[in-house]
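Shown next: target06.cif, given as mmCIF, N, CA and C atoms.
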```cif
data_structure
#
loop_
_atom_site.group_PDB
_atom_site.id
_atom_site.type_symbol
_atom_site.label_atom_id
_atom_site.label_comp_id
_atom_site.auth_asym_id
_atom_site.auth_seq_id
_atom_site.Cartn_x
_atom_site.Cartn_y
_atom_site.Cartn_z
ATOM 1 N N MET A 1 28.882 3.728 8.408
ATOM 2 C CA MET A 1 28.146 4.744 7.684
ATOM 3 C C MET A 1 26.890 4.104 7.084
ATOM 4 N N PRO A 2 25.771 4.806 7.104
ATOM 5 C CA PRO A 2 24.543 4.297 6.499
ATOM 6 C C PRO A 2 24.734 4.020 5.004
ATOM 7 N N ILE A 3 23.985 3.054 4.499
ATOM 8 C CA ILE A 3 24.110 2.627 3.106
ATOM 9 C C ILE A 3 22.741 2.614 2.422
ATOM 10 N N LEU A 4 22.698 3.161 1.215
ATOM 11 C CA LEU A 4 21.532 3.075 0.346
ATOM 12 C C LEU A 4 21.901 2.159 -0.813
ATOM 13 N N THR A 5 21.161 1.067 -0.982
ATOM 14 C CA THR A 5 21.383 0.169 -2.106
ATOM 15 C C THR A 5 20.257 0.369 -3.107
ATOM 16 N N VAL A 6 20.620 0.684 -4.341
ATOM 17 C CA VAL A 6 19.635 0.860 -5.398
ATOM 18 C C VAL A 6 19.647 -0.419 -6.234
ATOM 19 N N GLN A 7 18.646 -1.243 -6.028
ATOM 20 C CA GLN A 7 18.631 -2.586 -6.589
ATOM 21 C C GLN A 7 18.681 -2.622 -8.108
ATOM 22 N N ASN A 8 17.968 -1.747 -8.784
ATOM 23 C CA ASN A 8 17.964 -1.805 -10.237
ATOM 24 C C ASN A 8 19.027 -0.902 -10.869
ATOM 25 N N LEU A 9 19.917 -0.397 -10.051
ATOM 26 C CA LEU A 9 21.083 0.332 -10.535
ATOM 27 C C LEU A 9 22.292 -0.567 -10.311
ATOM 28 N N PHE A 10 22.099 -1.824 -10.723
ATOM 29 C CA PHE A 10 23.102 -2.880 -10.580
ATOM 30 C C PHE A 10 23.586 -3.013 -9.144
ATOM 31 N N GLY A 11 22.636 -2.899 -8.205
ATOM 32 C CA GLY A 11 22.948 -3.090 -6.794
ATOM 33 C C GLY A 11 23.890 -2.056 -6.232
ATOM 34 N N ALA A 12 23.858 -0.867 -6.769
ATOM 35 C CA ALA A 12 24.747 0.193 -6.301
ATOM 36 C C ALA A 12 24.567 0.396 -4.800
ATOM 37 N N ALA A 13 25.646 0.256 -4.052
ATOM 38 C CA ALA A 13 25.644 0.495 -2.604
ATOM 39 C C ALA A 13 26.289 1.861 -2.376
ATOM 40 N N VAL A 14 25.500 2.807 -1.923
ATOM 41 C CA VAL A 14 25.947 4.192 -1.797
ATOM 42 C C VAL A 14 26.067 4.565 -0.326
ATOM 43 N N PRO A 15 27.255 4.962 0.121
ATOM 44 C CA PRO A 15 27.377 5.455 1.498
ATOM 45 C C PRO A 15 26.671 6.810 1.613
ATOM 46 N N VAL A 16 25.949 6.989 2.716
ATOM 47 C CA VAL A 16 25.200 8.231 2.929
ATOM 48 C C VAL A 16 25.821 8.960 4.122
ATOM 49 N N PRO A 17 26.612 10.008 3.854
ATOM 50 C CA PRO A 17 27.240 10.760 4.940
ATOM 51 C C PRO A 17 26.207 11.428 5.852
ATOM 52 N N ALA A 18 26.618 11.697 7.068
ATOM 53 C CA ALA A 18 25.748 12.376 8.034
ATOM 54 C C ALA A 18 25.240 13.685 7.443
ATOM 55 N N ASP A 19 23.960 13.945 7.612
ATOM 56 C CA ASP A 19 23.299 15.169 7.174
ATOM 57 C C ASP A 19 23.201 15.345 5.656
ATOM 58 N N ALA A 20 23.606 14.339 4.870
ATOM 59 C CA ALA A 20 23.468 14.436 3.417
ATOM 60 C C ALA A 20 22.114 13.882 3.000
ATOM 61 N N THR A 21 21.512 14.499 1.993
ATOM 62 C CA THR A 21 20.296 13.920 1.436
ATOM 63 C C THR A 21 20.693 12.694 0.614
ATOM 64 N N LEU A 22 19.717 11.853 0.330
ATOM 65 C CA LEU A 22 19.995 10.695 -0.515
ATOM 66 C C LEU A 22 20.466 11.154 -1.894
ATOM 67 N N LEU A 23 19.876 12.225 -2.407
ATOM 68 C CA LEU A 23 20.277 12.752 -3.712
ATOM 69 C C LEU A 23 21.740 13.187 -3.699
ATOM 70 N N ALA A 24 22.154 13.910 -2.682
ATOM 71 C CA ALA A 24 23.549 14.350 -2.576
ATOM 72 C C ALA A 24 24.492 13.151 -2.487
ATOM 73 N N ALA A 25 24.090 12.130 -1.741
ATOM 74 C CA ALA A 25 24.927 10.928 -1.615
ATOM 75 C C ALA A 25 25.043 10.192 -2.948
ATOM 76 N N LEU A 26 23.935 10.084 -3.676
ATOM 77 C CA LEU A 26 23.955 9.437 -4.994
ATOM 78 C C LEU A 26 24.878 10.183 -5.953
ATOM 79 N N HIS A 27 24.775 11.504 -5.968
ATOM 80 C CA HIS A 27 25.633 12.295 -6.851
ATOM 81 C C HIS A 27 27.093 12.199 -6.425
ATOM 82 N N ALA A 28 27.356 12.238 -5.132
ATOM 83 C CA ALA A 28 28.732 12.140 -4.643
ATOM 84 C C ALA A 28 29.362 10.794 -5.016
ATOM 85 N N ALA A 29 28.530 9.764 -5.125
ATOM 86 C CA ALA A 29 29.015 8.431 -5.496
ATOM 87 C C ALA A 29 29.141 8.271 -7.011
ATOM 88 N N GLY A 30 28.805 9.334 -7.764
ATOM 89 C CA GLY A 30 28.974 9.308 -9.207
ATOM 90 C C GLY A 30 27.789 8.811 -10.005
ATOM 91 N N HIS A 31 26.624 8.708 -9.363
ATOM 92 C CA HIS A 31 25.433 8.238 -10.062
ATOM 93 C C HIS A 31 24.627 9.424 -10.593
ATOM 94 N N ASP A 32 24.198 9.310 -11.843
ATOM 95 C CA ASP A 32 23.326 10.325 -12.419
ATOM 96 C C ASP A 32 21.904 9.968 -11.998
ATOM 97 N N TRP A 33 21.214 10.894 -11.365
ATOM 98 C CA TRP A 33 19.876 10.651 -10.822
ATOM 99 C C TRP A 33 18.968 11.795 -11.232
ATOM 100 N N MET A 34 17.815 11.491 -11.741
ATOM 101 C CA MET A 34 16.867 12.513 -12.189
ATOM 102 C C MET A 34 16.536 13.473 -11.041
ATOM 103 N N HIS A 35 16.545 14.745 -11.345
ATOM 104 C CA HIS A 35 16.111 15.783 -10.392
ATOM 105 C C HIS A 35 15.815 17.059 -11.177
ATOM 106 N N ALA A 36 14.647 17.089 -11.784
ATOM 107 C CA ALA A 36 14.260 18.151 -12.708
ATOM 108 C C ALA A 36 14.264 19.549 -12.077
ATOM 109 N N CYS A 37 13.973 19.647 -10.793
ATOM 110 C CA CYS A 37 13.902 20.976 -10.168
ATOM 111 C C CYS A 37 15.214 21.353 -9.482
ATOM 112 N N GLY A 38 16.248 20.569 -9.697
ATOM 113 C CA GLY A 38 17.533 20.892 -9.068
ATOM 114 C C GLY A 38 17.606 20.493 -7.613
ATOM 115 N N GLY A 39 16.764 19.558 -7.193
ATOM 116 C CA GLY A 39 16.807 19.082 -5.813
ATOM 117 C C GLY A 39 16.189 20.031 -4.807
ATOM 118 N N ARG A 40 15.189 20.784 -5.214
ATOM 119 C CA ARG A 40 14.548 21.763 -4.324
ATOM 120 C C ARG A 40 13.181 21.324 -3.806
ATOM 121 N N GLY A 41 12.766 20.095 -4.125
ATOM 122 C CA GLY A 41 11.469 19.616 -3.652
ATOM 123 C C GLY A 41 10.289 20.213 -4.382
ATOM 124 N N ARG A 42 10.491 20.671 -5.609
ATOM 125 C CA ARG A 42 9.413 21.297 -6.374
ATOM 126 C C ARG A 42 8.789 20.353 -7.400
ATOM 127 N N CYS A 43 9.261 19.116 -7.442
ATOM 128 C CA CYS A 43 8.714 18.131 -8.373
ATOM 129 C C CYS A 43 8.843 16.759 -7.711
ATOM 130 N N THR A 44 8.563 15.733 -8.419
ATOM 131 C CA THR A 44 8.724 14.384 -7.845
ATOM 132 C C THR A 44 9.661 13.534 -8.691
ATOM 133 N N SER A 45 10.477 14.157 -9.510
ATOM 134 C CA SER A 45 11.320 13.403 -10.429
ATOM 135 C C SER A 45 12.480 12.684 -9.746
ATOM 136 N N CYS A 46 12.841 13.050 -8.537
ATOM 137 C CA CYS A 46 13.961 12.399 -7.848
ATOM 138 C C CYS A 46 13.508 11.276 -6.918
ATOM 139 N N ARG A 47 12.257 10.866 -7.044
ATOM 140 C CA ARG A 47 11.737 9.889 -6.084
ATOM 141 C C ARG A 47 12.416 8.527 -6.220
ATOM 142 N N ILE A 48 12.370 7.802 -5.128
ATOM 143 C CA ILE A 48 12.872 6.437 -5.059
ATOM 144 C C ILE A 48 11.775 5.586 -4.445
ATOM 145 N N GLN A 49 11.621 4.373 -4.939
ATOM 146 C CA GLN A 49 10.680 3.424 -4.344
ATOM 147 C C GLN A 49 11.461 2.647 -3.292
ATOM 148 N N VAL A 50 11.061 2.745 -2.044
ATOM 149 C CA VAL A 50 11.777 2.092 -0.955
ATOM 150 C C VAL A 50 11.253 0.664 -0.795
ATOM 151 N N ILE A 51 12.166 -0.292 -0.859
ATOM 152 C CA ILE A 51 11.834 -1.712 -0.737
ATOM 153 C C ILE A 51 11.959 -2.171 0.715
ATOM 154 N N THR A 52 13.065 -1.822 1.350
ATOM 155 C CA THR A 52 13.271 -2.161 2.762
ATOM 156 C C THR A 52 13.907 -0.978 3.483
ATOM 157 N N GLY A 53 13.576 -0.824 4.750
ATOM 158 C CA GLY A 53 14.183 0.207 5.582
ATOM 159 C C GLY A 53 13.479 1.543 5.586
ATOM 160 N N LEU A 54 12.254 1.593 5.105
ATOM 161 C CA LEU A 54 11.511 2.860 5.064
ATOM 162 C C LEU A 54 11.490 3.545 6.437
ATOM 163 N N GLU A 55 11.378 2.744 7.479
ATOM 164 C CA GLU A 55 11.300 3.291 8.838
ATOM 165 C C GLU A 55 12.612 3.918 9.303
ATOM 166 N N LEU A 56 13.714 3.644 8.619
ATOM 167 C CA LEU A 56 15.016 4.191 8.995
ATOM 168 C C LEU A 56 15.251 5.596 8.448
ATOM 169 N N LEU A 57 14.461 5.980 7.470
ATOM 170 C CA LEU A 57 14.625 7.294 6.852
ATOM 171 C C LEU A 57 14.025 8.388 7.731
ATOM 172 N N THR A 58 14.497 9.595 7.531
ATOM 173 C CA THR A 58 13.921 10.720 8.262
ATOM 174 C C THR A 58 12.433 10.818 7.928
ATOM 175 N N PRO A 59 11.630 11.400 8.813
ATOM 176 C CA PRO A 59 10.188 11.513 8.541
ATOM 177 C C PRO A 59 9.932 12.314 7.267
ATOM 178 N N PRO A 60 8.823 12.030 6.589
ATOM 179 C CA PRO A 60 8.489 12.793 5.385
ATOM 180 C C PRO A 60 8.398 14.290 5.688
ATOM 181 N N THR A 61 8.905 15.085 4.774
ATOM 182 C CA THR A 61 8.854 16.539 4.940
ATOM 183 C C THR A 61 7.467 17.045 4.547
ATOM 184 N N ASP A 62 7.196 18.305 4.843
ATOM 185 C CA ASP A 62 5.925 18.905 4.435
ATOM 186 C C ASP A 62 5.737 18.821 2.924
ATOM 187 N N VAL A 63 6.815 18.992 2.182
ATOM 188 C CA VAL A 63 6.761 18.893 0.714
ATOM 189 C C VAL A 63 6.299 17.501 0.294
ATOM 190 N N GLU A 64 6.903 16.464 0.888
ATOM 191 C CA GLU A 64 6.529 15.090 0.549
ATOM 192 C C GLU A 64 5.083 14.804 0.934
ATOM 193 N N LEU A 65 4.670 15.279 2.079
ATOM 194 C CA LEU A 65 3.288 15.064 2.516
ATOM 195 C C LEU A 65 2.297 15.740 1.577
ATOM 196 N N ARG A 66 2.654 16.907 1.085
ATOM 197 C CA ARG A 66 1.800 17.602 0.121
ATOM 198 C C ARG A 66 1.661 16.777 -1.161
ATOM 199 N N TYR A 67 2.766 16.213 -1.651
ATOM 200 C CA TYR A 67 2.704 15.372 -2.851
ATOM 201 C C TYR A 67 1.921 14.083 -2.600
ATOM 202 N N ARG A 68 2.008 13.544 -1.397
ATOM 203 C CA ARG A 68 1.214 12.353 -1.061
ATOM 204 C C ARG A 68 -0.276 12.673 -1.096
ATOM 205 N N ARG A 69 -0.643 13.791 -0.496
ATOM 206 C CA ARG A 69 -2.055 14.186 -0.497
ATOM 207 C C ARG A 69 -2.572 14.409 -1.914
ATOM 208 N N ALA A 70 -1.712 14.879 -2.794
ATOM 209 C CA ALA A 70 -2.097 15.130 -4.186
ATOM 210 C C ALA A 70 -2.036 13.860 -5.041
ATOM 211 N N GLY A 71 -1.616 12.743 -4.445
ATOM 212 C CA GLY A 71 -1.537 11.482 -5.179
ATOM 213 C C GLY A 71 -0.332 11.373 -6.101
ATOM 214 N N ARG A 72 0.670 12.212 -5.896
ATOM 215 C CA ARG A 72 1.862 12.198 -6.749
ATOM 216 C C ARG A 72 3.043 11.477 -6.128
ATOM 217 N N LEU A 73 2.893 11.006 -4.877
ATOM 218 C CA LEU A 73 3.954 10.287 -4.183
ATOM 219 C C LEU A 73 3.299 9.193 -3.352
ATOM 220 N N LEU A 74 3.627 7.950 -3.650
ATOM 221 C CA LEU A 74 3.044 6.821 -2.939
ATOM 222 C C LEU A 74 3.651 6.677 -1.550
ATOM 223 N N SER A 75 2.998 5.931 -0.688
ATOM 224 C CA SER A 75 3.451 5.798 0.703
ATOM 225 C C SER A 75 4.825 5.131 0.830
ATOM 226 N N HIS A 76 5.226 4.342 -0.165
ATOM 227 C CA HIS A 76 6.543 3.692 -0.113
ATOM 228 C C HIS A 76 7.584 4.433 -0.970
ATOM 229 N N GLU A 77 7.236 5.631 -1.413
ATOM 230 C CA GLU A 77 8.161 6.446 -2.186
ATOM 231 C C GLU A 77 8.609 7.652 -1.361
ATOM 232 N N ARG A 78 9.847 8.055 -1.602
ATOM 233 C CA ARG A 78 10.395 9.248 -0.958
ATOM 234 C C ARG A 78 11.116 10.086 -1.995
ATOM 235 N N LEU A 79 11.214 11.377 -1.749
ATOM 236 C CA LEU A 79 11.993 12.258 -2.603
ATOM 237 C C LEU A 79 13.435 12.239 -2.107
ATOM 238 N N THR A 80 14.360 11.885 -2.985
ATOM 239 C CA THR A 80 15.755 11.779 -2.545
ATOM 240 C C THR A 80 16.336 13.133 -2.145
ATOM 241 N N CYS A 81 15.764 14.216 -2.663
ATOM 242 C CA CYS A 81 16.263 15.550 -2.312
ATOM 243 C C CYS A 81 15.798 15.999 -0.929
ATOM 244 N N GLN A 82 14.832 15.315 -0.362
ATOM 245 C CA GLN A 82 14.256 15.697 0.930
ATOM 246 C C GLN A 82 14.613 14.732 2.050
ATOM 247 N N THR A 83 15.140 13.560 1.691
ATOM 248 C CA THR A 83 15.264 12.453 2.631
ATOM 249 C C THR A 83 16.708 12.203 3.044
ATOM 250 N N ARG A 84 16.876 11.894 4.316
ATOM 251 C CA ARG A 84 18.191 11.544 4.858
ATOM 252 C C ARG A 84 18.107 10.166 5.506
ATOM 253 N N LEU A 85 19.251 9.542 5.662
ATOM 254 C CA LEU A 85 19.345 8.220 6.277
ATOM 255 C C LEU A 85 20.335 8.303 7.431
ATOM 256 N N PRO A 86 19.850 8.531 8.649
ATOM 257 C CA PRO A 86 20.753 8.707 9.788
ATOM 258 C C PRO A 86 21.553 7.458 10.146
ATOM 259 N N THR A 87 20.950 6.282 9.959
ATOM 260 C CA THR A 87 21.619 5.042 10.354
ATOM 261 C C THR A 87 21.009 3.865 9.605
ATOM 262 N N GLY A 88 21.774 2.809 9.469
ATOM 263 C CA GLY A 88 21.244 1.574 8.899
ATOM 264 C C GLY A 88 21.403 1.453 7.400
ATOM 265 N N GLU A 89 20.635 0.502 6.854
ATOM 266 C CA GLU A 89 20.697 0.216 5.419
ATOM 267 C C GLU A 89 19.296 0.226 4.825
ATOM 268 N N VAL A 90 19.166 0.891 3.696
ATOM 269 C CA VAL A 90 17.899 0.990 2.985
ATOM 270 C C VAL A 90 18.107 0.471 1.571
ATOM 271 N N ALA A 91 17.113 -0.251 1.058
ATOM 272 C CA ALA A 91 17.140 -0.704 -0.329
ATOM 273 C C ALA A 91 15.982 -0.077 -1.073
ATOM 274 N N GLY A 92 16.244 0.333 -2.307
ATOM 275 C CA GLY A 92 15.203 0.942 -3.113
ATOM 276 C C GLY A 92 15.415 0.686 -4.589
ATOM 277 N N ARG A 93 14.522 1.266 -5.383
ATOM 278 C CA ARG A 93 14.559 1.114 -6.841
ATOM 279 C C ARG A 93 14.247 2.445 -7.499
ATOM 280 N N VAL A 94 14.809 2.638 -8.685
ATOM 281 C CA VAL A 94 14.459 3.798 -9.496
ATOM 282 C C VAL A 94 13.125 3.472 -10.162
ATOM 283 N N PRO A 95 12.101 4.310 -9.985
ATOM 284 C CA PRO A 95 10.821 4.059 -10.648
ATOM 285 C C PRO A 95 10.969 4.131 -12.167
ATOM 286 N N GLU A 96 10.180 3.372 -12.854
ATOM 287 C CA GLU A 96 10.218 3.337 -14.322
ATOM 288 C C GLU A 96 10.067 4.742 -14.920
ATOM 289 N N ALA A 97 9.182 5.538 -14.353
ATOM 290 C CA ALA A 97 8.885 6.869 -14.901
ATOM 291 C C ALA A 97 10.041 7.855 -14.788
ATOM 292 N N THR A 98 10.996 7.596 -13.901
ATOM 293 C CA THR A 98 12.083 8.562 -13.710
ATOM 294 C C THR A 98 13.447 8.021 -14.126
ATOM 295 N N LYS A 99 13.453 6.915 -14.829
ATOM 296 C CA LYS A 99 14.731 6.395 -15.331
ATOM 297 C C LYS A 99 15.268 7.313 -16.410
ATOM 298 N N LEU A 100 16.563 7.525 -16.377
ATOM 299 C CA LEU A 100 17.226 8.350 -17.380
ATOM 300 C C LEU A 100 17.566 7.500 -18.601
ATOM 301 N N PRO A 101 17.388 8.028 -19.814
ATOM 302 C CA PRO A 101 17.600 7.220 -21.011
ATOM 303 C C PRO A 101 19.044 6.769 -21.233
ATOM 304 N N HIS A 102 20.020 7.483 -20.710
ATOM 305 C CA HIS A 102 21.417 7.136 -20.934
ATOM 306 C C HIS A 102 22.029 6.250 -19.839
ATOM 307 N N VAL A 103 21.237 5.902 -18.826
ATOM 308 C CA VAL A 103 21.735 5.085 -17.719
ATOM 309 C C VAL A 103 21.275 3.640 -17.918
ATOM 310 N N GLN A 104 22.195 2.702 -17.670
ATOM 311 C CA GLN A 104 21.868 1.275 -17.738
ATOM 312 C C GLN A 104 21.258 0.850 -16.407
ATOM 313 N N TYR A 105 20.089 0.240 -16.469
ATOM 314 C CA TYR A 105 19.416 -0.254 -15.274
ATOM 315 C C TYR A 105 19.312 -1.770 -15.359
ATOM 316 N N GLY A 106 19.346 -2.407 -14.206
ATOM 317 C CA GLY A 106 19.186 -3.847 -14.154
ATOM 318 C C GLY A 106 17.771 -4.201 -13.710
ATOM 319 N N GLU A 107 17.562 -5.474 -13.538
ATOM 320 C CA GLU A 107 16.258 -5.976 -13.094
ATOM 321 C C GLU A 107 16.099 -5.821 -11.592
ATOM 322 N N GLY A 108 17.166 -6.076 -10.839
ATOM 323 C CA GLY A 108 17.233 -6.078 -9.394
ATOM 324 C C GLY A 108 16.146 -5.522 -8.611
#
```

Take the structure from the file and write it as structure tokens.
Amino acid sequence: MPILTVQNLFGAAVPVPADATLLAALHAAGHDWMHACGGRGRCTSCRIQVITGLELLTPPTDVELRYRRAGRLLSHERLTCQTRLPTGEVAGRVPEATKLPHVQYGEG
């Protein structure tokens, strides 16, 4: 099964089921992850900074491309509510701006 490792979430290794978004996989694994719009792609609060494996993720959606054009989503960032991981392993980080105050984050 594909794996998403969130380095600054104490190296959380999250299995990503087939056809699940990264956000759904994170929640299923018990991680609280920012998603102000409820995972509908209407904001950028669920973004992840991808460190390795960007090419393994599904192509950016029209929503993500719109945010990139507006300068609200960097080329190495993806929206977890829009992105799937069909195969392989991806490593990423929670951006400073979207960290939740009640969650402990590491340096990783």

Care to translate the PyMOL selection byres (((chain A and resi 102 and name CA) around 12) and name CA) into actual residues of this file, as a PDB file with N, CA and C atoms, in the frame of the given file?
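Result went into out_35.pdb, see below:
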```pdb
ATOM      1  N   HIS A  31      26.624   8.708  -9.363  1.00  0.00           N
ATOM      2  CA  HIS A  31      25.433   8.238 -10.062  1.00  0.00           C
ATOM      3  C   HIS A  31      24.627   9.424 -10.593  1.00  0.00           C
ATOM      4  N   ASP A  32      24.198   9.310 -11.843  1.00  0.00           N
ATOM      5  CA  ASP A  32      23.326  10.325 -12.419  1.00  0.00           C
ATOM      6  C   ASP A  32      21.904   9.968 -11.998  1.00  0.00           C
ATOM      7  N   TRP A  33      21.214  10.894 -11.365  1.00  0.00           N
ATOM      8  CA  TRP A  33      19.876  10.651 -10.822  1.00  0.00           C
ATOM      9  C   TRP A  33      18.968  11.795 -11.232  1.00  0.00           C
ATOM     10  N   MET A  34      17.815  11.491 -11.741  1.00  0.00           N
ATOM     11  CA  MET A  34      16.867  12.513 -12.189  1.00  0.00           C
ATOM     12  C   MET A  34      16.536  13.473 -11.041  1.00  0.00           C
ATOM     13  N   THR A  98      10.996   7.596 -13.901  1.00  0.00           N
ATOM     14  CA  THR A  98      12.083   8.562 -13.710  1.00  0.00           C
ATOM     15  C   THR A  98      13.447   8.021 -14.126  1.00  0.00           C
ATOM     16  N   LYS A  99      13.453   6.915 -14.829  1.00  0.00           N
ATOM     17  CA  LYS A  99      14.731   6.395 -15.331  1.00  0.00           C
ATOM     18  C   LYS A  99      15.268   7.313 -16.410  1.00  0.00           C
ATOM     19  N   LEU A 100      16.563   7.525 -16.377  1.00  0.00           N
ATOM     20  CA  LEU A 100      17.226   8.350 -17.380  1.00  0.00           C
ATOM     21  C   LEU A 100      17.566   7.500 -18.601  1.00  0.00           C
ATOM     22  N   PRO A 101      17.388   8.028 -19.814  1.00  0.00           N
ATOM     23  CA  PRO A 101      17.600   7.220 -21.011  1.00  0.00           C
ATOM     24  C   PRO A 101      19.044   6.769 -21.233  1.00  0.00           C
ATOM     25  N   VAL A 103      21.237   5.902 -18.826  1.00  0.00           N
ATOM     26  CA  VAL A 103      21.735   5.085 -17.719  1.00  0.00           C
ATOM     27  C   VAL A 103      21.275   3.640 -17.918  1.00  0.00           C
ATOM     28  N   GLN A 104      22.195   2.702 -17.670  1.00  0.00           N
ATOM     29  CA  GLN A 104      21.868   1.275 -17.738  1.00  0.00           C
ATOM     30  C   GLN A 104      21.258   0.850 -16.407  1.00  0.00           C
ATOM     31  N   TYR A 105      20.089   0.240 -16.469  1.00  0.00           N
ATOM     32  CA  TYR A 105      19.416  -0.254 -15.274  1.00  0.00           C
ATOM     33  C   TYR A 105      19.312  -1.770 -15.359  1.00  0.00           C
TER      34      TYR A 105
END
```

Item checked: Hits of the PyMOL selection byres ((chain A and resi 2-15) around 7) in this structure, as a ChimeraX atom specification -> /A:1,16-18,25-26,29,85-94,104-108

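Minimum atom-to-atom distance to Gln82 (chain A), evaluated using only N, CA and C atoms, belongs to A:Arg40 out of A:Leu54, A:Arg40, A:Ala28, A:Ala97.
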
Checklist line | Distance in Å - atom N of Ala20 (chain A) versus atom N of Ile51 (chain A) | finding: 19.4 Å

Next item on the list: Write out as a PyMOL selection string all residues of region 11-108 of chain A that backbone DSSP assigns to helix (DSSP H, G or I).
Entry: chain A and resi 22-28+54-56+62-69+96-98

On this structure, the PyMOL selection byres (((chain A and resi 57 and name CA) around 8) and name CA) would catch which residues? List them as an mmCIF file with N, CA and C atoms, keeping the file's coordinate frame, sorted by chain and number.
```cif
data_model
loop_
_atom_site.group_PDB
_atom_site.id
_atom_site.type_symbol
_atom_site.label_atom_id
_atom_site.label_comp_id
_atom_site.auth_asym_id
_atom_site.auth_seq_id
_atom_site.Cartn_x
_atom_site.Cartn_y
_atom_site.Cartn_z
ATOM 1 N N GLY A 53 13.576 -0.824 4.750
ATOM 2 C CA GLY A 53 14.183 0.207 5.582
ATOM 3 C C GLY A 53 13.479 1.543 5.586
ATOM 4 N N LEU A 54 12.254 1.593 5.105
ATOM 5 C CA LEU A 54 11.511 2.860 5.064
ATOM 6 C C LEU A 54 11.490 3.545 6.437
ATOM 7 N N GLU A 55 11.378 2.744 7.479
ATOM 8 C CA GLU A 55 11.300 3.291 8.838
ATOM 9 C C GLU A 55 12.612 3.918 9.303
ATOM 10 N N LEU A 56 13.714 3.644 8.619
ATOM 11 C CA LEU A 56 15.016 4.191 8.995
ATOM 12 C C LEU A 56 15.251 5.596 8.448
ATOM 13 N N THR A 58 14.497 9.595 7.531
ATOM 14 C CA THR A 58 13.921 10.720 8.262
ATOM 15 C C THR A 58 12.433 10.818 7.928
ATOM 16 N N PRO A 59 11.630 11.400 8.813
ATOM 17 C CA PRO A 59 10.188 11.513 8.541
ATOM 18 C C PRO A 59 9.932 12.314 7.267
ATOM 19 N N THR A 83 15.140 13.560 1.691
ATOM 20 C CA THR A 83 15.264 12.453 2.631
ATOM 21 C C THR A 83 16.708 12.203 3.044
ATOM 22 N N ARG A 84 16.876 11.894 4.316
ATOM 23 C CA ARG A 84 18.191 11.544 4.858
ATOM 24 C C ARG A 84 18.107 10.166 5.506
ATOM 25 N N LEU A 85 19.251 9.542 5.662
ATOM 26 C CA LEU A 85 19.345 8.220 6.277
ATOM 27 C C LEU A 85 20.335 8.303 7.431
ATOM 28 N N PRO A 86 19.850 8.531 8.649
ATOM 29 C CA PRO A 86 20.753 8.707 9.788
ATOM 30 C C PRO A 86 21.553 7.458 10.146
#
```
